[in-house]
Amino acid sequence: MKNLVLYNTRERKKIPFIALDPEQKLVKMYTCGPTVYNYAHIGNLRTYIFEDILKRTLLFYGFQVKHVMNITDVGHLTDDADRGEDKMEKGAFREGKSVWDIAQRYTDAFKQNLKDLNILDPNIWCKATDHIAQQIDLIQKLEAKGLTYRLEDGIYYNTAQFPEYKNFARLDIENIKAGARVEVVEGKKNPTDFALWKFSPKDGPKRQMEWESPWGIGFPGWHIECSAMSMHYLGEQFDIHCGGIDHIPVHHTNEIAQVEAVTNKLWVNFWLHGEFLVVQASSDKEGDTKRMGKSEGNFLTLEVLKSKNYHPLAYRYLLLNAHYRSQLIYTEDAMQSAQRGFVNFKEKIIQLKESIGKEKNLKAGIHEDYVSQFFQAIGDDLNTPQALAVAWKILGDSSLSPLEKLQTLEKLDEVLGLGVAQMKAETQEIPAEISQILEERIHARKEKDWKKSDLLRDKIKAMGYEVLDGKDGMKVKKIQ
RNA sequence: GGUGGCAUAGCCAAGAGGCCCAAGGCGACGGUUUGCAAAACCGUUAGUUCCUCGGUUCAAAUCCGAGUGCCACCUCCA
């Protein structure tokens, strides 16, 4: 089988993937999950789809995957300088609900998104609030090593004590000092130091989420949960850790500092990061794009896409058409062309299924040559655009029987996740009025009254249905 | 200011030294079909060409240098 090569952020190059497990069977993978204080936007979802492709590829290669994803339901502050408001508490205030309700609501919404996008569920979901003990335990270990110090508002990690701190993100520590764009918390010893445990504020409203700790009542800092939970479920060393590209310089850097300073060994073998979805900032200026974000005012959710009649899997299809390490410019045009592409793909699959139903004794079997082409594409750092191209080539290859095509495509769909096996002609209710007009039209056509026939066709179209005249009569289809 | 990245057809987007006079999708155009359409099917669609200029090489979209434009991260956000 073709080697699986993945781009490892740790080394900044493509490296053949080898599982840590000596048996080469089990791959342990941790993916940073959402903070559930609002809906995920489609840019967030891009990362989860990339991770899903990665996981499905590993499965395709015959690995078993133990996949852990966290739900951050506590305690992130609104800026990186360990100041500002708590997003969860803020969201709760905004909606007049408890933080726990907010967390539940957006967790449910997130899981629905994953379902809509055919993203495989992780083996383990873990909530930050269910693992406070593990987080406190890890902070204590850091404390025992002399890596922490106390400030008025919390316990901080002294990054100067961990010389490898800058390595992962290739940070220029000197210039971070000079840059100082972040307002520094009073008393922090180094600009890169970060909070491990925050104390509940003495004044102001009581926090809804707070816990006892050896240092006082408060809540965990926002990097500690991933370190603590991933170790809890996957051990001190595991194979893969993923997230968005923005996690490299702060979040993942801090996670590494928290773990490797304690264990003194390499924590994660492969780090993979997904690039951003960016959106056109203004229609008249070419190349003027912005990341999608809550504060950019370009917040698009999957629900919005659905309300515009886009199929969630058409969004998946759009993403498959670009490599996960390139920025993808999201435009309405691109989304529409993805929708058409996906619908066309689906129609062709349905056609295949129909002809299989009609014809007997078709040649069966998975076409290994195409599968190997597919492996070559997907095994080269998840080249989904090329992998999709292979799928289209199969559809256009007249030397294959419909059954061979379908069986081969179903195999490839284990990775693509477009739902080939489930695709079927929508059995749609035709409204009675339309059936009536249809009857009229059949009559008109028998009498070769083309004028009337065309008129009725237009009428049906105006009602949102398309008339398809075929050899075996008339069909109508809802216009998508 | 620091760091990382991108520039390929009308649009989206692969390709990372010879398989490239450059994949695939969308669109457009032509044809078959049709009473006419639609749908379907077939075909065409980068015309020394891969932002510009220079270099390396027998050979460059692919490597190197310079320039131009753009994006992201370093600030809550994948």
# chains A, B, ... in the order shown; residues from 1 in each chain; ligands from 1
$ residues_around --residues "stretch 52-62 of chain B" --least-positions-apart "2" --cutoff "12 Å" --atoms "only C-alpha atoms (C1' of nucleotides)" --output "ChimeraX atom specification"
/B:7-8,15-18,20,22,46,49-50,64-69
$ select_by_dssp --residues "stretch 74-165 of chain A" --states "helix (DSSP H, G or I)" --output "ChimeraX atom specification"
/A:87-95,99-116,128-144,159-161,163-165
$ interface_residues --of "chain B" --to "chain A" --cutoff "10 Å" --atoms "only C-alpha atoms (C1' of nucleotides)" --output "ChimeraX atom specification"
/B:1-6,11-15,23-27,34-40,69-78
$ residues_around --residues "A:Val262" --least-positions-apart "6" --cutoff "12 Å" --atoms "only C-alpha atoms (C1' of nucleotides)" --output "ChimeraX atom specification"
/A:137-147,161-162,227-228,231,236,255-256
$ write_last_selection --atoms "N, CA, C and O atoms" --output "compact mmCIF listing (two decimals), in the first residue's frame"
# COMPACT_ATOMS: atom_id res chain seq x y z
N ASP A 137 -4.55 18.75 39.07
CA ASP A 137 -3.45 17.81 39.25
C ASP A 137 -2.24 18.20 38.39
O ASP A 137 -1.10 18.19 38.87
N LEU A 138 -2.50 18.55 37.16
CA LEU A 138 -1.40 18.92 36.27
C LEU A 138 -0.74 20.22 36.72
O LEU A 138 0.49 20.36 36.69
N ILE A 139 -1.55 21.16 37.16
CA ILE A 139 -0.99 22.43 37.64
C ILE A 139 -0.10 22.17 38.87
O ILE A 139 0.98 22.75 39.00
N GLN A 140 -0.54 21.25 39.72
CA GLN A 140 0.28 20.91 40.89
C GLN A 140 1.62 20.32 40.49
O GLN A 140 2.65 20.59 41.12
N LYS A 141 1.61 19.52 39.46
CA LYS A 141 2.87 18.94 38.98
C LYS A 141 3.80 20.03 38.47
O LYS A 141 5.02 19.99 38.69
N LEU A 142 3.22 21.00 37.77
CA LEU A 142 4.03 22.11 37.27
C LEU A 142 4.58 22.93 38.44
O LEU A 142 5.73 23.36 38.42
N GLU A 143 3.74 23.09 39.44
CA GLU A 143 4.13 23.84 40.62
C GLU A 143 5.29 23.14 41.34
O GLU A 143 6.27 23.77 41.72
N ALA A 144 5.18 21.82 41.43
CA ALA A 144 6.22 21.04 42.11
C ALA A 144 7.56 21.16 41.39
O ALA A 144 8.62 21.04 42.01
N LYS A 145 7.50 21.43 40.10
CA LYS A 145 8.75 21.59 39.33
C LYS A 145 9.26 23.01 39.38
O LYS A 145 10.25 23.34 38.71
N GLY A 146 8.57 23.86 40.09
CA GLY A 146 9.00 25.25 40.19
C GLY A 146 8.76 26.08 38.95
O GLY A 146 9.49 27.03 38.66
N LEU A 147 7.76 25.73 38.20
CA LEU A 147 7.52 26.43 36.94
C LEU A 147 6.41 27.48 37.04
O LEU A 147 6.05 28.10 36.05
N GLN A 161 11.32 29.37 32.21
CA GLN A 161 11.83 28.14 32.82
C GLN A 161 11.74 26.95 31.87
O GLN A 161 12.15 25.85 32.22
N PHE A 162 11.12 27.15 30.75
CA PHE A 162 10.98 26.06 29.77
C PHE A 162 11.62 26.53 28.47
O PHE A 162 10.98 27.12 27.61
N SER A 227 -4.32 19.90 27.62
CA SER A 227 -3.18 19.13 28.10
C SER A 227 -3.64 18.03 29.05
O SER A 227 -3.26 16.87 28.93
N ALA A 228 -4.47 18.44 30.01
CA ALA A 228 -4.88 17.50 31.06
C ALA A 228 -5.77 16.39 30.51
O ALA A 228 -5.57 15.20 30.79
N MET A 231 -3.97 13.89 28.01
CA MET A 231 -3.12 12.94 28.72
C MET A 231 -3.96 11.92 29.48
O MET A 231 -3.62 10.75 29.56
N GLU A 236 0.73 9.86 28.09
CA GLU A 236 1.75 10.91 28.04
C GLU A 236 2.34 11.11 26.65
O GLU A 236 3.04 12.09 26.41
N GLU A 255 0.22 24.39 25.47
CA GLU A 255 -0.10 23.00 25.80
C GLU A 255 1.17 22.16 25.90
O GLU A 255 1.33 21.35 26.82
N ILE A 256 2.07 22.38 24.94
CA ILE A 256 3.32 21.62 24.94
C ILE A 256 4.13 21.95 26.19
O ILE A 256 4.66 21.06 26.86
$ residues_around --residues "stretch 105-122 of chain A" --least-positions-apart "3" --cutoff "7 Å" --atoms "only C-alpha atoms (C1' of nucleotides)" --output "JSON, numbers by chain"
{"A": [36, 37, 38, 39, 40, 49, 52, 67, 68, 69, 101, 102, 125, 302, 312, 313, 316, 417]}
$ residues_around --residues "A:Phe199" --least-positions-apart "5" --cutoff "6 Å" --atoms "only C-alpha atoms (C1' of nucleotides)" --output "count of residues only"
4
$ residues_around --residues "A:Lys28" --least-positions-apart "6" --cutoff "7 Å" --atoms "only C-alpha atoms (C1' of nucleotides)" --output "number ranges by chain"
A: 65-67, 234, 238-240
$ select_by_dssp --residues "stretch 198-286 of chain A" --states "strand (DSSP E)" --output "list in words"
Lys198, Phe199, Gly218, Phe219, Pro220, Phe238, Asp239, Ile240, His241, Cys242, Gly243, Gly244, Val268, Asn269, Phe270, Trp271, Leu272, His273, Gly274, Leu277, Val278, Val279 and Gln280 of chain A
